[in-house]
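Here is the structure we will look at.
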Amino acid sequence: MREKYLVFIVLMILITVLIFTASANSLKNGLRKVRDYDDKIKTAQERLNSARIMDEKLSQFSLIIDNSLSKSGKFTFEEINDFKKRIGELAHDRKISINKLSDSNKFSLPGLIETTYNLELEGTFVQMGQFLSDLEALDNIIKIHYIDVTPSSEGDKKTEDYAVSKYKIMLELSIFKVKKEA
């Protein structure tokens, strides 16, 4: 009888060891699958984030392309006046005074529409840099033909601890559009 109990205990221990080994293997396989899924999810999330960034950049580029296509052979008065208004707003935001702003149509390559703006501005170098950055951020194709910077006749104005030098800035820039083909 004692031998039967001993065999029974050994069998119970053996079955217990087998159950623990089987469950450990099952748990190890489950954890490996979870790690694999985590890696796949991480890769998919990185791709999704990259796709979102690309979509954002491409949508901005798409807006520039849409603004740069035209069915007519010239800029409309509304487009010219809207751009002048935007230039005025940018100058106002940067506290730059506009002494002169004129526009003219320019001869350009076939299929390309160009209008040129001549600006005479007055401000500091910092204000001018910020203004040019703002122009660059607009949703149009813009080319700056020249910038001429000369000291202003007002001279330096002193504010608190330092002198602020004002400059007269002559700027010629063009906006381009491409004529859509029918």
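Residue numbering restarts at 1 for every chain of the structure tokens, chains are lettered A, B, ... in their displayed order, and ligands are numbered from 1 as they appear.
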Using only C-alpha atoms, I'd like a table of the residues in region 103-165 of chain A that come within 8 Å of region 72-93 of chain A; for each, show the closest atom pair and its distance in Å rounded to one decimal, ordered by chain and ascending number, as a Markdown table.
```
| residue | atom | partner | partner_atom | distance |
| --- | --- | --- | --- | --- |
| A:Ile113 | CA | A:Lys74 | CA | 6.0 |
| A:Glu114 | CA | A:Lys74 | CA | 7.8 |
| A:Thr115 | CA | A:Phe75 | CA | 7.4 |
| A:Phe131 | CA | A:Leu90 | CA | 6.6 |
| A:Asp134 | CA | A:Leu90 | CA | 6.9 |
| A:Leu135 | CA | A:Ile87 | CA | 7.9 |
```
Go ahead and save the residues from that selection, with N, CA, C and O atoms, as a PDB file, in the first residue's frame.
```pdb
ATOM      1  N   ILE A 113       2.395  83.022 -66.288  1.00  0.00           N
ATOM      2  CA  ILE A 113       1.843  84.346 -66.037  1.00  0.00           C
ATOM      3  C   ILE A 113       2.636  84.941 -64.876  1.00  0.00           C
ATOM      4  O   ILE A 113       2.837  84.292 -63.850  1.00  0.00           O
ATOM      5  N   GLU A 114       3.077  86.180 -65.040  1.00  0.00           N
ATOM      6  CA  GLU A 114       3.914  86.807 -64.015  1.00  0.00           C
ATOM      7  C   GLU A 114       3.448  88.228 -63.784  1.00  0.00           C
ATOM      8  O   GLU A 114       3.147  88.961 -64.719  1.00  0.00           O
ATOM      9  N   THR A 115       3.374  88.608 -62.533  1.00  0.00           N
ATOM     10  CA  THR A 115       3.145  90.008 -62.187  1.00  0.00           C
ATOM     11  C   THR A 115       4.220  90.406 -61.180  1.00  0.00           C
ATOM     12  O   THR A 115       4.602  89.613 -60.326  1.00  0.00           O
ATOM     13  N   PHE A 131       9.877  89.817 -42.355  1.00  0.00           N
ATOM     14  CA  PHE A 131       8.971  90.086 -43.470  1.00  0.00           C
ATOM     15  C   PHE A 131       9.248  89.137 -44.637  1.00  0.00           C
ATOM     16  O   PHE A 131       8.324  88.571 -45.230  1.00  0.00           O
ATOM     17  N   ASP A 134       7.947  85.762 -43.837  1.00  0.00           N
ATOM     18  CA  ASP A 134       6.494  85.732 -44.012  1.00  0.00           C
ATOM     19  C   ASP A 134       6.114  85.626 -45.477  1.00  0.00           C
ATOM     20  O   ASP A 134       5.180  84.900 -45.845  1.00  0.00           O
ATOM     21  N   LEU A 135       6.838  86.346 -46.347  1.00  0.00           N
ATOM     22  CA  LEU A 135       6.580  86.251 -47.790  1.00  0.00           C
ATOM     23  C   LEU A 135       6.823  84.829 -48.282  1.00  0.00           C
ATOM     24  O   LEU A 135       6.065  84.292 -49.083  1.00  0.00           O
TER      25      LEU A 135
END
```
Contacts of Lys177 (chain A) within 6 Å, only C-alpha atoms, excl. fewer than 2 positions in-chain, as JSON, numbers by chain
{"A": [68, 69, 112, 113]}
Would you mind listing what lies within 6 Å of region 98-104 of chain A as a ChimeraX atom specification, with only C-alpha atoms counted and same-chain residues fewer than 5 positions away left out?
/A:115-121
Using the selection just defined, write its residues with C-alpha atoms as a compact mmCIF listing (two decimals), in the first residue's frame.
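Final output, saved to out28.txt:
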```
# COMPACT_ATOMS: atom_id res chain seq x y z
CA THR A 115 3.15 90.01 -62.19
CA THR A 116 5.84 92.09 -60.53
CA TYR A 117 5.59 94.21 -57.39
CA ASN A 118 7.98 97.03 -56.55
CA LEU A 119 8.10 97.91 -52.87
CA GLU A 120 9.86 100.63 -50.96
CA LEU A 121 9.89 99.71 -47.28
```
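The gap separating CA of Ser50 (chain A) from CA of Leu138 (chain A) is 24.2 Å, in Å to one decimal.
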Using DSSP on the backbone coordinates, identify the residues of chain A assigned to alpha helix (DSSP H); present them as a ChimeraX atom specification.
/A:2-67,77-93,125-136
Considering only strand (DSSP E or B) as DSSP defines it on the backbone, what residues of region 102-168 of chain A qualify? List them as a PyMOL selection string.
chain A and resi 102-106+112-123+141-159+162-168
Nearest to Ser97 (chain A) among A:Gly111, A:Glu172, A:Gly123, A:Phe61, with distances taken over only C-alpha atoms: which residue is it?
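With only C-alpha atoms as the atom set, the closest residue is A:Gly123.
We find CA of Leu171 (chain A) and CA of Val149 (chain A) to be spaced 8.7 Å apart.
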Close residues, Val126 (chain A) itself excluded, 12 Å, only C-alpha atoms, min 5 positions apart in chain, as an MDAnalysis selection string:
chainID A and resid 94:96 131:133 164:167
